[in-house]
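input-v1.csv (CSV, C-alpha atoms)
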chain,number,residue,atom,x,y,z
A,1,MET,CA,0.0,0.0,0.0
A,2,LEU,CA,2.8,2.4,0.8
A,3,PHE,CA,4.4,1.7,-2.6
A,4,PHE,CA,1.1,2.6,-4.4
A,5,MET,CA,0.9,5.9,-2.4
A,6,THR,CA,4.4,6.8,-3.3
A,7,ILE,CA,3.7,6.3,-7.0
A,8,ASN,CA,0.5,8.3,-6.7
A,9,VAL,CA,2.4,11.2,-5.0
A,10,LYS,CA,4.9,11.2,-7.8
A,11,ARG,CA,2.1,11.5,-10.4
A,12,ASP,CA,0.4,14.1,-8.3
A,13,ASN,CA,3.7,16.0,-8.0
A,14,ALA,CA,4.2,15.7,-11.8
A,15,ILE,CA,0.9,17.7,-12.4
A,16,ILE,CA,2.0,20.2,-9.7
A,17,GLU,CA,5.4,20.5,-11.4
A,18,ILE,CA,3.7,21.1,-14.8
A,19,SER,CA,1.6,23.9,-13.2
A,20,LYS,CA,4.8,25.5,-12.0
A,21,GLY,CA,6.1,25.5,-15.6
A,22,ASN,CA,8.2,22.3,-15.6
A,23,ILE,CA,7.0,20.8,-18.9
A,24,ASP,CA,9.5,17.9,-18.6
A,25,ALA,CA,7.2,16.5,-15.9
A,26,LEU,CA,4.7,15.8,-18.7
A,27,SER,CA,6.7,12.8,-19.6
A,28,VAL,CA,5.8,11.2,-16.3
A,29,ILE,CA,2.1,11.7,-17.1
A,30,TYR,CA,2.5,10.4,-20.6
A,31,ARG,CA,4.4,7.3,-19.5
A,32,THR,CA,1.9,6.6,-16.8
A,33,TYR,CA,-1.4,7.4,-18.5
A,34,GLY,CA,-0.7,7.6,-22.3
A,35,LYS,CA,-1.9,4.1,-23.1
A,36,MET,CA,-5.0,4.4,-20.9
A,37,VAL,CA,-5.9,7.8,-22.4
A,38,PHE,CA,-5.5,6.4,-25.9
A,39,SER,CA,-7.6,3.3,-25.0
A,40,VAL,CA,-10.4,5.3,-23.4
A,41,GLY,CA,-10.4,7.8,-26.3
A,42,TYR,CA,-10.5,4.9,-28.8
A,43,GLN,CA,-13.5,3.4,-27.0
A,44,ILE,CA,-15.4,6.6,-27.4
A,45,VAL,CA,-14.3,7.9,-30.9
A,46,ASN,CA,-13.9,4.4,-32.4
A,47,ASN,CA,-11.0,5.1,-34.7
A,48,VAL,CA,-7.2,5.2,-34.3
A,49,SER,CA,-6.6,8.7,-35.9
A,50,ASP,CA,-9.2,10.4,-33.6
A,51,ALA,CA,-7.9,8.4,-30.6
A,52,GLU,CA,-4.4,9.8,-31.3
A,53,ASP,CA,-5.9,13.3,-31.5
A,54,VAL,CA,-7.5,12.6,-28.1
A,55,LEU,CA,-4.2,11.6,-26.6
A,56,GLN,CA,-2.5,14.7,-28.0
A,57,GLU,CA,-5.2,17.1,-26.9
A,58,VAL,CA,-5.3,15.5,-23.4
A,59,MET,CA,-1.5,16.1,-23.0
A,60,LEU,CA,-1.9,19.7,-24.1
A,61,ASN,CA,-4.8,20.2,-21.7
A,62,VAL,CA,-2.8,18.7,-18.8
A,63,VAL,CA,-0.3,21.4,-19.5
A,64,LYS,CA,-2.9,24.1,-20.0
A,65,TYR,CA,-5.0,23.3,-17.0
A,66,ALA,CA,-2.5,21.8,-14.5
A,67,HIS,CA,-3.0,24.9,-12.4
A,68,THR,CA,-6.7,23.8,-11.8
A,69,TYR,CA,-5.6,20.4,-10.4
A,70,ARG,CA,-6.1,20.1,-6.7
A,71,GLN,CA,-3.1,18.5,-5.1
A,72,GLY,CA,-3.9,15.4,-3.1
A,73,THR,CA,-6.8,14.4,-5.3
A,74,ASN,CA,-6.8,11.5,-7.8
A,75,PRO,CA,-4.6,12.4,-10.8
A,76,LYS,CA,-6.0,9.5,-12.8
A,77,ALA,CA,-9.6,10.6,-12.4
A,78,TRP,CA,-8.6,14.1,-13.3
A,79,ILE,CA,-6.9,13.0,-16.5
A,80,MET,CA,-9.7,10.5,-17.4
A,81,SER,CA,-12.2,13.3,-17.0
A,82,ILE,CA,-10.2,15.4,-19.5
A,83,THR,CA,-10.0,12.4,-21.8
A,84,ARG,CA,-13.7,11.7,-21.8
A,85,SER,CA,-14.5,15.4,-22.4
A,86,ILE,CA,-12.2,15.7,-25.4
A,87,ALA,CA,-13.2,12.4,-26.9
A,88,LEU,CA,-16.9,13.3,-26.6
A,89,SER,CA,-16.3,16.8,-28.2
A,90,ILE,CA,-14.6,15.0,-31.1
A,91,VAL,CA,-17.7,12.7,-31.5
A,92,LYS,CA,-20.0,15.8,-31.2
A,93,LYS,CA,-18.1,17.5,-34.0
A,94,ARG,CA,-18.5,14.3,-36.1
A,95,VAL,CA,-22.3,14.2,-35.2
A,96,ASP,CA,-22.7,17.7,-36.6
A,97,THR,CA,-21.5,16.5,-40.0
A,98,ILE,CA,-23.3,13.1,-40.2
A,99,SER,CA,-25.3,12.6,-43.3
A,100,ILE,CA,-27.5,9.7,-44.3
A,101,ASP,CA,-24.7,8.5,-46.5
A,102,ASP,CA,-22.4,8.1,-43.5
A,103,VAL,CA,-24.6,5.7,-41.6
A,104,ASP,CA,-23.3,2.1,-41.4
A,105,TYR,CA,-25.8,-0.1,-43.3
A,106,SER,CA,-24.6,-3.2,-41.5
A,107,ILE,CA,-27.1,-2.4,-38.8
A,108,ALA,CA,-29.7,-4.2,-40.9
A,109,ALA,CA,-28.3,-7.6,-41.5
A,110,ASN,CA,-24.5,-7.4,-42.1
A,111,SER,CA,-25.3,-8.2,-45.7
A,112,ALA,CA,-23.8,-6.9,-48.9
A,113,ASP,CA,-27.2,-7.4,-50.6
A,114,VAL,CA,-28.0,-4.2,-52.5
A,115,ASP,CA,-31.7,-4.6,-52.0
A,116,LYS,CA,-31.3,-4.7,-48.3
A,117,MET,CA,-28.9,-1.7,-48.4
A,118,LEU,CA,-31.5,0.3,-50.3
A,119,ALA,CA,-34.2,-0.8,-47.9
A,120,VAL,CA,-32.0,0.4,-44.9
A,121,ARG,CA,-31.4,3.7,-46.6
A,122,GLU,CA,-35.1,4.2,-47.2
A,123,ALA,CA,-36.0,3.2,-43.6
A,124,LEU,CA,-33.4,5.6,-42.3
A,125,ASN,CA,-34.6,8.4,-44.5
A,126,LYS,CA,-38.0,8.1,-42.9
A,127,LEU,CA,-36.5,8.9,-39.5
A,128,ASP,CA,-36.0,12.5,-38.4
A,129,GLU,CA,-32.4,13.8,-38.1
A,130,GLN,CA,-32.2,13.3,-34.3
A,131,GLU,CA,-33.5,9.7,-34.5
A,132,ARG,CA,-30.9,8.9,-37.2
A,133,THR,CA,-28.2,10.5,-35.2
A,134,ILE,CA,-29.1,8.6,-32.0
A,135,LEU,CA,-29.2,5.3,-33.9
A,136,ASN,CA,-25.9,6.0,-35.5
A,137,LEU,CA,-24.2,7.0,-32.3
A,138,LYS,CA,-25.5,3.9,-30.5
A,139,LEU,CA,-25.3,1.2,-33.2
A,140,HIS,CA,-22.5,2.5,-35.4
A,141,ILE,CA,-20.2,4.4,-33.1
A,142,GLY,CA,-21.0,2.3,-30.0
A,143,LEU,CA,-21.6,5.1,-27.5
A,144,SER,CA,-23.6,4.4,-24.3
A,145,HIS,CA,-26.8,6.3,-23.7
A,146,ARG,CA,-25.0,8.4,-21.2
A,147,GLU,CA,-22.3,9.4,-23.7
A,148,ILE,CA,-25.0,10.1,-26.3
A,149,ALA,CA,-26.8,12.3,-23.8
A,150,SER,CA,-23.6,14.2,-23.2
A,151,VAL,CA,-22.9,14.7,-26.9
A,152,LEU,CA,-26.4,15.8,-27.8
A,153,GLU,CA,-26.9,17.7,-24.5
A,154,MET,CA,-30.0,15.8,-23.5
A,155,SER,CA,-31.0,13.8,-20.5
A,156,VAL,CA,-30.1,10.1,-20.4
A,157,PHE,CA,-33.8,9.2,-20.0
A,158,ALA,CA,-34.7,11.3,-23.1
A,159,VAL,CA,-31.9,9.5,-25.1
A,160,GLN,CA,-33.1,6.1,-24.0
A,161,LYS,CA,-36.7,6.8,-25.0
A,162,LYS,CA,-35.8,8.4,-28.3
A,163,TYR,CA,-33.4,5.5,-29.1
A,164,GLN,CA,-36.2,2.9,-28.3
A,165,ARG,CA,-38.7,4.8,-30.4
A,166,ALA,CA,-36.2,5.4,-33.3
A,167,LEU,CA,-35.3,1.7,-33.3
A,168,ALA,CA,-38.9,0.6,-33.3
A,169,LYS,CA,-39.7,3.0,-36.2
A,170,PHE,CA,-36.6,1.9,-38.1
A,171,LYS,CA,-37.6,-1.8,-37.7
A,172,GLU,CA,-41.2,-1.0,-38.7
A,173,TYR,CA,-40.1,1.0,-41.8
A,174,PHE,CA,-37.5,-1.7,-42.7
A,175,ASP,CA,-40.1,-4.5,-42.5
A,176,GLU,CA,-42.5,-2.7,-44.8
How does the structure come out when it is put into structure tokens?
Amino acid sequence: MLFFMTINVKRDNAIIEISKGNIDALSVIYRTYGKMVFSVGYQIVNNVSDAEDVLQEVMLNVVKYAHTYRQGTNPKAWIMSITRSIALSIVKKRVDTISIDDVDYSIAANSADVDKMLAVREALNKLDEQERTILNLKLHIGLSHREIASVLEMSVFAVQKKYQRALAKFKEYFDE
């Protein structure tokens, strides 16, 4: 237990050192949390390039906001909070540019059958923009209801209901 506390203090001190202008201390943060930041970022953004951007932005934000870190608190939680925020903002930017052509048609049947692809497109076109976005974020990108709520600035309950309704509508339109 004492060993863990010593490591935690060093990580805590690295953030404090960064806040004092010692940018070299960022290497401690990168070595300690870099893989975790990339992994969490990848789980949210679902592609390597964007996950690399998340990692880079997190490291920049650690430097930029180190002065806001409260010494003695959990550095991992602080960094993961930054990671989640940056990753979700990347997804939100992506959501703002989603078109019907970007939606993954594998949600229907994982089939290359052109007729099914056209039926999926037609069913998706019958949904409103928010319904398509929620389905895409859940089924294609793999975000949780909570993450979707954060991206769309809605309550989790509202996202869950809209997802259920959109999925039901999609299935109904697709089966027509």
Under the rule that only C-alpha atoms are counted, which of A:Ile141, A:Val63, A:Ile79, A:Ala119 is the nearest residue to A:Val91?
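Of the candidates, the smallest distance to A:Val91 is held by A:Ile141.
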Need to verify the contact set: stretch 21-25 of chain A, 12 Å, all atoms listed in the file, exclusion of same-chain residues closer than 5 positions in sequence. Can you return it as a VMD selection string?
chain A and resid 10 to 16 30 to 32 59 to 60 62 to 67
Excluding same-chain residues fewer than 5 positions from A:Asn47, what lies within 12 Å of it counting all atoms listed in the file, as a list in words?
Phe38, Ser39, Val40, Gly41, Tyr42, Glu52, Asp53, Val54, Ala87, Ile90, Val91, Arg94, His140, Ile141 and Gly142 of chain A
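Counting only C-alpha atoms and comparing A:Asn125, A:Gln56, A:Gln43, A:Ser19, the residue that lies closest to A:Ser144 is A:Gln43.
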Show which residues sit within 8 Å of stretch 164-169 of chain A, as a PyMOL selection string. Count only C-alpha atoms, and ignore same-chain residues fewer than 6 positions away.
chain A and resi 127+131-132+134-135
Mind giving me the straight-line distance from atom CA of A:Lys126 to atom CA of A:His145 in Å, one decimal?
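The value is 22.3 Å.
If you look at atom CA of A:Thr73 and atom CA of A:Ala51, they are 26.0 Å away from each other.
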Give me, please, the distance in Å between atom CA of A:Arg121 and atom CA of A:Ile148, quoted to one decimal.
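Computing it gives 22.2 Å between the two atoms.
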A:Arg84, A:Lys20, A:Arg70, A:Lys76 ranked by distance to A:Leu55, top pick (using only C-alpha atoms):
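When distances to A:Leu55 are compared using only C-alpha atoms, the smallest one comes from A:Arg84.
If you measure from each of A:Val159, A:Val37, A:Val48, A:Val28 to A:Trp78 using only C-alpha atoms, the closest one turns out to be A:Val37.
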